[in-house]
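The file target39.csv contains CSV, C-alpha atoms:
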chain,number,residue,atom,x,y,z
A,285,MET,CA,116.3,69.3,75.7
A,286,LEU,CA,116.1,67.5,79.0
A,287,ILE,CA,112.4,68.2,79.0
A,288,LEU,CA,112.0,66.6,75.6
A,289,PHE,CA,113.9,63.6,76.8
A,290,LEU,CA,111.8,63.3,80.0
A,291,ARG,CA,108.5,63.7,77.9
A,292,SER,CA,109.6,60.9,75.6
A,293,VAL,CA,110.5,58.6,78.5
A,294,LEU,CA,107.2,59.4,80.3
A,295,LEU,CA,105.1,58.8,77.2
A,296,TYR,CA,107.0,55.6,76.3
A,297,LEU,CA,106.3,54.2,79.8
A,298,PHE,CA,102.7,55.3,79.6
A,299,ILE,CA,102.2,53.7,76.1
A,300,LEU,CA,104.0,50.5,77.2
A,301,PHE,CA,101.6,50.3,80.1
A,302,ILE,CA,98.6,51.0,78.0
A,303,LEU,CA,99.5,48.4,75.3
A,304,ARG,CA,100.2,45.9,78.1
A,305,MET,CA,96.8,46.6,79.5
A,306,THR,CA,95.0,46.2,76.2
A,307,GLY,CA,96.3,42.6,75.9
A,308,LYS,CA,98.6,40.4,73.9
A,309,ARG,CA,96.7,41.0,70.7
A,310,GLN,CA,98.6,44.3,70.2
A,311,ILE,CA,101.8,42.5,69.6
A,312,ALA,CA,100.6,39.4,67.7
A,313,ASP,CA,97.5,39.1,65.6
A,314,LEU,CA,95.8,42.5,65.2
A,315,GLN,CA,92.1,42.7,64.8
A,316,PRO,CA,90.7,45.9,63.1
A,317,PHE,CA,89.9,47.6,66.4
A,318,ASP,CA,93.4,46.8,67.8
A,319,LEU,CA,95.0,48.2,64.6
A,320,ILE,CA,93.1,51.5,65.0
A,321,ILE,CA,94.2,52.0,68.6
A,322,THR,CA,97.9,51.1,67.7
A,323,MET,CA,98.0,53.6,64.9
A,324,ALA,CA,96.2,56.3,66.7
A,325,ILE,CA,98.4,55.9,69.9
A,326,ALA,CA,101.6,56.2,67.8
A,327,ASP,CA,100.4,59.4,66.2
A,328,LEU,CA,99.2,61.0,69.4
A,329,ALA,CA,102.4,60.2,71.2
A,330,SER,CA,104.7,61.5,68.6
A,331,ALA,CA,102.6,64.8,68.4
A,332,ALA,CA,103.1,65.5,72.1
A,333,ILE,CA,106.7,64.4,72.5
A,334,ALA,CA,108.2,67.1,70.4
A,335,ASP,CA,105.9,70.0,71.1
A,336,THR,CA,106.6,71.4,74.5
A,337,ASN,CA,103.8,74.0,74.1
A,338,THR,CA,101.3,71.2,74.3
A,339,PRO,CA,100.8,69.6,77.7
A,340,LEU,CA,101.3,65.9,78.0
A,341,LEU,CA,97.7,65.6,79.1
A,342,TYR,CA,96.7,66.5,75.5
A,343,SER,CA,98.1,63.1,74.5
A,344,VAL,CA,97.4,61.2,77.7
A,345,ILE,CA,93.6,61.9,77.7
A,346,PRO,CA,93.0,60.8,74.0
A,347,ILE,CA,95.1,57.7,74.6
A,348,LEU,CA,93.1,56.8,77.7
A,349,ALA,CA,89.9,57.5,75.8
A,350,LEU,CA,91.0,55.1,73.0
A,351,TYR,CA,92.0,52.5,75.6
A,352,LEU,CA,88.6,52.7,77.2
A,353,VAL,CA,86.9,52.4,73.8
A,354,GLN,CA,89.1,49.4,73.0
A,355,GLN,CA,88.2,47.8,76.3
A,356,ALA,CA,84.5,48.3,75.6
A,357,VAL,CA,84.8,46.9,72.1
A,358,ALA,CA,86.8,43.9,73.3
A,359,ARG,CA,84.3,43.3,76.1
A,360,LEU,CA,81.3,43.6,73.8
A,361,SER,CA,83.0,41.3,71.4
A,362,LEU,CA,83.4,38.7,74.1
A,363,LYS,CA,79.7,39.0,75.1
A,364,SER,CA,78.1,39.2,71.7
A,365,ALA,CA,78.9,37.0,68.7
A,366,ALA,CA,77.0,39.4,66.4
A,367,PHE,CA,79.0,42.3,67.6
A,368,ARG,CA,82.2,40.3,67.2
A,369,THR,CA,81.3,39.4,63.7
A,370,PHE,CA,80.4,43.1,62.9
A,371,VAL,CA,83.8,44.3,64.3
A,372,CYS,CA,86.2,41.5,63.3
A,373,GLY,CA,84.3,39.7,60.5
A,374,SER,CA,84.2,36.0,60.5
A,375,PRO,CA,86.6,33.4,59.2
A,376,LEU,CA,86.0,32.4,55.6
A,377,LEU,CA,86.4,28.9,54.3
A,378,LEU,CA,88.1,29.7,50.9
A,379,VAL,CA,88.8,26.1,50.1
A,380,ARG,CA,86.4,23.3,51.1
A,381,ASP,CA,87.1,19.7,50.4
A,382,GLY,CA,89.7,20.9,47.8
A,383,VAL,CA,87.3,23.1,46.0
A,384,LEU,CA,87.8,26.9,45.8
A,385,GLN,CA,84.8,28.8,47.1
A,386,GLU,CA,84.5,31.5,44.4
A,387,GLY,CA,81.7,33.4,46.1
A,388,LEU,CA,83.5,33.7,49.4
A,389,MET,CA,86.8,34.6,47.7
A,390,ARG,CA,85.0,37.4,45.9
A,391,GLN,CA,83.4,38.5,49.2
A,392,ALA,CA,86.9,38.7,50.8
A,393,ASN,CA,88.4,40.5,47.7
A,394,TYR,CA,90.7,37.6,47.5
A,395,THR,CA,92.1,36.5,44.1
A,396,VAL,CA,93.4,33.0,43.3
A,397,SER,CA,96.9,34.5,43.0
A,398,ASP,CA,96.5,36.0,46.5
A,399,LEU,CA,95.6,32.5,47.7
A,400,CYS,CA,98.6,31.0,46.0
A,401,ASP,CA,100.9,33.7,47.5
A,402,HIS,CA,99.6,32.8,51.0
A,403,LEU,CA,99.8,29.1,50.3
A,404,ARG,CA,103.5,29.4,49.2
A,405,ALA,CA,104.2,31.3,52.5
A,406,GLU,CA,102.8,28.2,54.2
A,407,ALA,CA,105.1,26.0,52.1
A,408,VAL,CA,102.2,24.7,50.0
A,409,PHE,CA,103.1,25.0,46.3
A,410,ASP,CA,100.3,23.1,44.7
A,411,LEU,CA,96.6,24.0,45.0
A,412,ALA,CA,95.7,20.4,44.6
A,413,ASP,CA,97.4,19.6,47.9
A,414,VAL,CA,95.0,21.9,49.8
A,415,ARG,CA,91.9,20.3,51.4
A,416,TYR,CA,90.8,23.2,53.5
A,417,ALA,CA,92.0,26.8,53.6
A,418,ILE,CA,90.5,29.4,56.0
A,419,LEU,CA,91.0,33.1,55.8
A,420,GLU,CA,91.1,34.1,59.5
A,421,THR,CA,89.7,37.4,60.8
A,422,ASN,CA,93.2,38.8,61.3
A,423,GLY,CA,94.1,38.2,57.7
A,424,THR,CA,96.2,35.1,58.0
A,425,LEU,CA,95.5,31.9,56.0
A,426,SER,CA,95.2,28.6,57.8
A,427,VAL,CA,95.7,25.5,55.6
A,428,LEU,CA,94.9,21.9,56.1
A,429,GLN,CA,96.7,19.8,53.5
A,430,ARG,CA,95.8,16.5,51.9
A,431,PRO,CA,97.9,13.7,53.3
A,432,PRO,CA,100.1,11.9,50.8
A,433,GLY,CA,99.2,8.5,49.3
A,434,ASP,CA,96.1,6.5,50.4
A,435,LEU,CA,96.0,7.9,53.9
A,436,PRO,CA,92.5,8.9,55.0
A,437,GLN,CA,91.6,12.5,54.1
A,438,PRO,CA,91.6,14.9,57.0
A,439,ARG,CA,88.3,16.5,57.9
A,440,MET,CA,87.6,19.9,59.4
A,441,SER,CA,86.7,20.5,63.0
A,442,TYR,CA,83.8,22.9,63.5
A,443,LEU,CA,82.8,24.9,66.6
A,444,LEU,CA,79.1,24.4,66.9
A,445,ILE,CA,78.5,26.4,70.1
A,446,LEU,CA,80.7,29.2,71.2
A,447,ASP,CA,80.1,31.0,74.5
A,448,GLY,CA,76.5,29.7,74.7
A,449,GLU,CA,75.6,30.8,71.2
A,450,PHE,CA,75.0,28.5,68.2
A,451,CYS,CA,77.3,28.8,65.2
A,452,ASP,CA,74.8,28.6,62.5
A,453,THR,CA,77.2,28.6,59.6
A,454,ALA,CA,79.0,25.5,61.0
A,455,LEU,CA,75.6,23.8,61.8
A,456,GLY,CA,74.6,24.5,58.2
A,457,HIS,CA,77.8,22.9,56.8
A,458,LEU,CA,77.2,19.8,58.8
A,459,ASN,CA,73.4,19.8,58.3
A,460,ILE,CA,72.8,19.5,62.0
A,461,PRO,CA,69.5,21.1,63.2
A,462,ARG,CA,69.6,23.2,66.4
A,463,ALA,CA,66.9,21.1,68.0
A,464,ALA,CA,68.9,17.9,67.5
A,465,LEU,CA,71.9,19.4,69.1
A,466,ILE,CA,69.8,20.6,72.0
A,467,SER,CA,68.5,17.1,72.6
A,468,LEU,CA,72.0,15.7,72.3
A,469,LEU,CA,73.1,18.2,75.0
A,470,ARG,CA,70.2,17.2,77.2
A,471,ARG,CA,71.1,13.5,76.9
A,472,ASN,CA,74.6,14.5,78.1
A,473,LYS,CA,73.1,16.3,81.1
A,474,VAL,CA,73.5,19.8,79.8
A,475,PRO,CA,70.1,21.4,80.1
A,476,SER,CA,70.8,24.5,78.0
A,477,PRO,CA,73.3,25.5,75.3
A,478,ARG,CA,73.8,28.7,77.2
A,479,ARG,CA,75.9,26.7,79.8
A,480,VAL,CA,78.3,25.6,77.1
A,481,LEU,CA,81.6,27.4,76.7
A,482,TYR,CA,82.3,25.6,73.5
A,483,LEU,CA,81.2,22.5,71.6
A,484,GLN,CA,83.4,21.3,68.9
A,485,TYR,CA,82.6,18.8,66.1
A,486,GLN,CA,85.9,17.0,65.7
A,487,SER,CA,87.5,15.8,62.6
A,488,ASP,CA,87.0,12.1,63.6
A,489,GLY,CA,83.2,12.7,63.9
A,490,ALA,CA,83.0,12.8,67.7
A,491,MET,CA,82.2,15.9,69.7
A,492,HIS,CA,83.9,17.7,72.6
A,493,LEU,CA,82.4,20.2,74.9
A,494,GLN,CA,83.3,22.3,77.9
A,495,LEU,CA,80.9,23.9,80.3
A,496,LYS,CA,81.3,27.5,81.4
A,497,ALA,CA,83.3,28.0,84.6
A,498,ARG,CA,80.1,29.1,86.5
A,499,TYR,CA,78.5,25.8,85.6
A,500,GLY,CA,81.4,23.7,86.8
A,501,GLY,CA,83.7,24.0,83.7
A,502,LYS,CA,83.6,20.2,83.1
A,503,VAL,CA,84.8,18.8,79.9
A,504,ARG,CA,82.7,16.1,78.1
A,505,HIS,CA,83.3,13.9,75.2
A,506,ILE,CA,80.4,12.7,73.0
A,507,ALA,CA,81.2,9.5,71.1
A,508,LYS,CA,81.1,9.3,67.3
A,509,LYS,CA,78.2,6.8,67.4
A,510,GLU,CA,76.0,9.2,69.4
A,511,VAL,CA,76.8,12.0,67.0
A,512,LYS,CA,76.1,9.8,64.0
A,513,GLU,CA,72.6,9.1,65.4
A,514,LEU,CA,72.1,12.8,65.8
A,515,CYS,CA,73.1,13.6,62.2
A,516,SER,CA,70.9,10.8,60.8
B,287,MET,CA,96.0,39.0,88.9
B,288,PHE,CA,96.4,40.7,85.5
B,289,VAL,CA,92.6,40.9,85.1
B,290,LYS,CA,92.4,42.6,88.5
B,291,VAL,CA,95.1,45.1,87.6
B,292,ARG,CA,93.5,45.8,84.3
B,293,ARG,CA,90.1,46.3,85.9
B,294,ALA,CA,91.6,48.6,88.5
B,295,PHE,CA,93.4,50.6,85.8
B,296,THR,CA,90.2,50.9,83.7
B,297,VAL,CA,88.2,52.2,86.7
B,298,GLY,CA,91.1,54.6,87.6
B,299,ALA,CA,91.2,55.8,83.9
B,300,VAL,CA,87.4,56.4,84.0
B,301,LEU,CA,87.7,58.3,87.3
B,302,PHE,CA,90.7,60.3,86.0
B,303,LEU,CA,88.9,61.3,82.8
B,304,LEU,CA,85.7,62.2,84.7
B,305,GLY,CA,87.9,64.4,87.0
B,306,MET,CA,89.6,65.9,83.9
B,307,PHE,CA,86.2,66.7,82.3
B,308,THR,CA,85.0,68.6,85.3
B,309,LEU,CA,87.8,70.0,87.5
B,310,PRO,CA,89.8,72.0,85.0
B,311,SER,CA,86.6,73.7,83.7
B,312,LEU,CA,85.5,74.4,87.3
B,313,TYR,CA,88.9,75.8,88.1
B,314,LEU,CA,89.1,78.0,85.0
B,315,ARG,CA,85.5,79.3,85.5
B,316,THR,CA,86.3,80.5,89.1
B,317,GLN,CA,89.7,81.9,88.1
B,318,CYS,CA,88.4,83.7,85.0
B,319,ALA,CA,85.6,85.2,87.0
B,320,ALA,CA,88.0,86.5,89.6
B,321,LEU,CA,90.4,87.8,86.8
B,322,ASN,CA,87.5,89.5,85.0
B,323,GLY,CA,86.5,91.2,88.3
B,324,LEU,CA,90.1,92.4,89.0
B,325,CYS,CA,90.4,93.6,85.4
B,326,GLY,CA,87.2,95.7,85.9
B,327,GLU,CA,88.5,97.2,89.1
B,328,VAL,CA,91.8,98.2,87.4
B,329,LEU,CA,89.7,100.0,84.7
B,330,LEU,CA,87.4,101.6,87.4
B,331,ALA,CA,90.4,102.9,89.4
B,332,SER,CA,92.1,104.2,86.3
B,333,ARG,CA,88.9,106.0,85.2
B,334,ALA,CA,88.6,107.5,88.6
B,335,GLY,CA,92.2,108.8,88.3
B,336,ASP,CA,93.4,106.8,91.3
B,337,LYS,CA,96.7,105.6,89.8
B,338,ALA,CA,98.0,103.9,93.0
B,339,ALA,CA,94.8,101.9,93.4
B,340,ALA,CA,94.8,100.9,89.7
B,341,GLN,CA,98.4,99.8,90.0
B,342,ALA,CA,97.7,97.7,93.2
B,343,GLN,CA,94.7,96.1,91.4
B,344,TYR,CA,96.8,95.4,88.4
B,345,GLU,CA,99.5,93.7,90.5
B,346,ALA,CA,96.9,91.6,92.2
B,347,LEU,CA,95.5,90.7,88.7
B,348,GLN,CA,99.0,89.8,87.4
B,349,ALA,CA,99.8,87.7,90.5
B,350,ARG,CA,96.5,85.8,90.1
B,351,PHE,CA,97.0,85.2,86.4
B,352,GLU,CA,100.5,83.9,86.9
B,353,ALA,CA,99.2,81.5,89.6
B,354,MET,CA,96.5,80.3,87.2
B,355,ARG,CA,99.0,80.1,84.3
B,356,ARG,CA,101.4,77.8,86.3
B,357,LEU,CA,98.5,75.3,86.9
B,358,GLY,CA,96.8,75.9,83.6
B,359,GLU,CA,100.0,74.9,81.7
B,360,LEU,CA,99.4,71.3,82.9
B,361,PHE,CA,96.1,71.0,81.0
B,362,LEU,CA,96.0,73.9,78.5
B,363,ASP,CA,97.9,74.6,75.3
B,364,HIS,CA,100.6,77.1,76.5
B,365,ARG,CA,100.0,79.3,73.4
B,366,VAL,CA,96.5,80.0,74.5
B,367,LEU,CA,97.8,81.1,77.9
B,368,ASP,CA,100.5,83.2,76.2
B,369,ASP,CA,97.7,84.9,74.1
B,370,ALA,CA,96.1,86.0,77.4
B,371,ALA,CA,99.5,87.1,79.0
B,372,ARG,CA,100.3,89.5,76.1
B,373,PRO,CA,97.4,92.0,76.6
B,374,LEU,CA,97.9,91.7,80.4
B,375,ALA,CA,101.5,92.9,80.0
B,376,LEU,CA,100.3,95.7,77.7
B,377,MET,CA,97.8,96.8,80.4
B,378,GLY,CA,100.8,97.4,82.7
B,379,VAL,CA,102.6,99.5,80.1
B,380,TYR,CA,99.5,101.6,79.4
B,381,LEU,CA,98.8,102.0,83.1
B,382,GLN,CA,102.3,103.3,83.6
B,383,ALA,CA,101.9,105.7,80.6
B,384,GLY,CA,98.5,106.9,81.8
B,385,ASP,CA,96.9,105.9,78.5
B,386,ALA,CA,93.3,105.1,79.6
B,387,VAL,CA,92.0,104.4,76.0
B,388,SER,CA,94.8,101.8,75.2
B,389,LEU,CA,94.4,100.4,78.7
B,390,ALA,CA,90.7,99.7,78.1
B,391,ALA,CA,91.5,98.2,74.7
B,392,ALA,CA,94.2,95.9,76.2
B,393,ALA,CA,91.8,95.0,79.0
B,394,SER,CA,89.0,94.0,76.6
B,395,GLU,CA,91.6,91.9,74.6
B,396,PHE,CA,92.6,90.2,77.9
B,397,GLU,CA,88.9,89.5,78.7
B,398,LEU,CA,88.5,88.1,75.2
B,399,ALA,CA,91.5,85.8,75.7
B,400,LEU,CA,90.0,84.6,79.0
B,401,GLY,CA,86.8,83.9,77.2
B,402,CYS,CA,88.7,81.7,74.7
B,403,LEU,CA,90.3,79.8,77.6
B,404,LEU,CA,86.9,79.2,79.1
B,405,SER,CA,85.4,78.0,75.8
B,406,ILE,CA,88.2,75.3,75.4
B,407,GLU,CA,87.2,73.6,78.7
B,408,GLY,CA,83.6,74.7,78.8
B,409,GLY,CA,82.3,72.1,76.4
B,410,ASN,CA,81.9,74.4,73.4
B,411,PRO,CA,80.2,72.2,70.8
B,412,GLY,CA,81.8,74.3,68.0
B,413,LEU,CA,85.2,72.8,69.0
B,414,LEU,CA,83.8,69.2,68.5
B,415,LEU,CA,84.1,69.2,64.8
Produce structure tokens that represent the structure in this file.
Amino acid sequence: MLILFLRSVLLYLFILFILRMTGKRQIADLQPFDLIITMAIADLASAAIADTNTPLLYSVIPILALYLVQQAVARLSLKSAAFRTFVCGSPLLLVRDGVLQEGLMRQANYTVSDLCDHLRAEAVFDLADVRYAILETNGTLSVLQRPPGDLPQPRMSYLLILDGEFCDTALGHLNIPRAALISLLRRNKVPSPRRVLYLQYQSDGAMHLQLKARYGGKVRHIAKKEVKELCS
Amino acid sequence: MFVKVRRAFTVGAVLFLLGMFTLPSLYLRTQCAALNGLCGEVLLASRAGDKAAAQAQYEALQARFEAMRRLGELFLDHRVLDDAARPLALMGVYLQAGDAVSLAAAASEFELALGCLLSIEGGNPGLLL
């Protein structure tokens, strides 16, 4: 019995350490690859705790293997947008300018009643109050509501460049050609989009960018007027 | 700091796994070869009618197996080791009784069990699926 107790304590400490090493995502928003490792680790640990005929290494080695695979997937996801999209999917704009995007909802197997369920959880009880709703890759719904009365309608912010890569979907939404964005960057002393950590099109029509740390990590603001010239 | 700890842990995990992929199989291979050799000598001495020599070889075989078992329990399913211990114990009984035929049968069962041990850590592709 003491052995069982000690095995449980040892595995508990080991799993706690592994989950801590894999990052905060384990506790908060689970991506598909995080979910796999969490479920598999739980099963592997419970199998070894109770069976004293099985050495602890029979659980430790698969858990370490899963940890390494998870680290590799996380690292590849950081490096490659295509890989990230393949593993995690991409956020889907289910409501755009107050209009339900039927095709995208079908793509996500998301019914109108699912949408209403999630909206109610966000304290939104009327579909007409929704200006934008995004189904995030971790399954949560982000909602931007219409303001009451005659207040100006909120607009979406879009990430146009992420980790040096163009976000073509967002560029398509805004009808901004890549070449125009490259020339805008050059005008702002950024010779290549590869140097950009992120470039965001803000809801007020301006743009905000930050260079990668190895290129100085500077933050720059591009005025609305300059962006308007680009779009025209 | 956390990134450094994680990187160090990841490198440590890779090295540990590489060690676990090679060292146990290396250890088992040398131990099983030695055990097979001792087992053969027990049979040879028994066939030659030298009961004292057979008994001495058997005791050496048993001592070596127990040493391997203690270490092997850290990385092998204990039931697989028990499967090898059973025919080894029977060999002792048959040796005492002077039953050469049963002794040979128990010895071949023991060698078969050692073969199973080796296949677990020997990268047997049949165990993959």
>> Contacts from chain B to chain A, 12 Å maximum, all atoms listed in the file: show me the residue list as a ChimeraX atom specification.
In response: /B:288-307,310,356-368
>> For Val379 of chain B, find every residue with an atom within 12 Å (counting only C-alpha atoms), except residues of its own chain fewer than 5 positions away, and show them as a list of chain:residue names.
In response: B:Gln341, B:Tyr344, B:Arg372, B:Pro373, B:Leu374, B:Gly384, B:Asp385, B:Ala386, B:Ser388, B:Leu389, B:Ala392, B:Ala393
> Which of these, A:Lys502, A:His457, A:Lys363, A:Arg404, has the shortest distance to Asp381 of chain A once you count only C-alpha atoms?
Replying inline: A:His457
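One distance worth recording is that between atom CA of Arg504 of chain A and atom CA of Met491 of chain A, which is 8.4 Å.
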> Can you tell me how far atom CA of Asp488 of chain A sits from atom CA of Val511 of chain A, in Å to one decimal?
Replying inline: 10.8 Å
> Which value, in Å to one decimal, gives the distance between atom CA of Ser330 of chain A and atom CA of Arg291 of chain A?
Replying inline: 10.3 Å
> Which one is closest to Ser374 of chain A: A:Thr453, A:Gln484, A:Thr421, A:Asn459? Count only C-alpha atoms.
Replying inline: A:Thr421
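Of the residues under consideration (B:Ala339, B:Leu324, B:Arg355, B:Ala370), B:Ala370 shows the shortest atom-to-atom contact distance to Ala399 of chain B when counting all atoms listed in the file.
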Using all atoms listed in the file, which protein or nucleic acid residues come within 10 Å of Ala365 of chain A? Drop anything in the same chain fewer than 4 positions from it, and give the result as a PDB file with C-alpha atoms, keeping the file's coordinate frame.
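Output below, filename result-v4.pdb:
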ATOM      1  CA  LEU A 360      81.300  43.600  73.800  1.00  0.00           C
ATOM      2  CA  SER A 361      83.000  41.300  71.400  1.00  0.00           C
ATOM      3  CA  THR A 369      81.300  39.400  63.700  1.00  0.00           C
ATOM      4  CA  PHE A 370      80.400  43.100  62.900  1.00  0.00           C
ATOM      5  CA  VAL A 371      83.800  44.300  64.300  1.00  0.00           C
ATOM      6  CA  SER A 374      84.200  36.000  60.500  1.00  0.00           C
ATOM      7  CA  LEU A 446      80.700  29.200  71.200  1.00  0.00           C
ATOM      8  CA  ASP A 447      80.100  31.000  74.500  1.00  0.00           C
ATOM      9  CA  GLY A 448      76.500  29.700  74.700  1.00  0.00           C
ATOM     10  CA  GLU A 449      75.600  30.800  71.200  1.00  0.00           C
ATOM     11  CA  PHE A 450      75.000  28.500  68.200  1.00  0.00           C
ATOM     12  CA  CYS A 451      77.300  28.800  65.200  1.00  0.00           C
TER      13      CYS A 451
END
>> So that I can check the surroundings of Asp327 of chain A, please list as a PyMOL selection string every protein, DNA and RNA residue that reaches within 12 Å of it, counting all atoms listed in the file and ignoring chain neighbours fewer than 4 positions away.
In response: chain A and resi 295+299+320-323+331-334+343+346-347
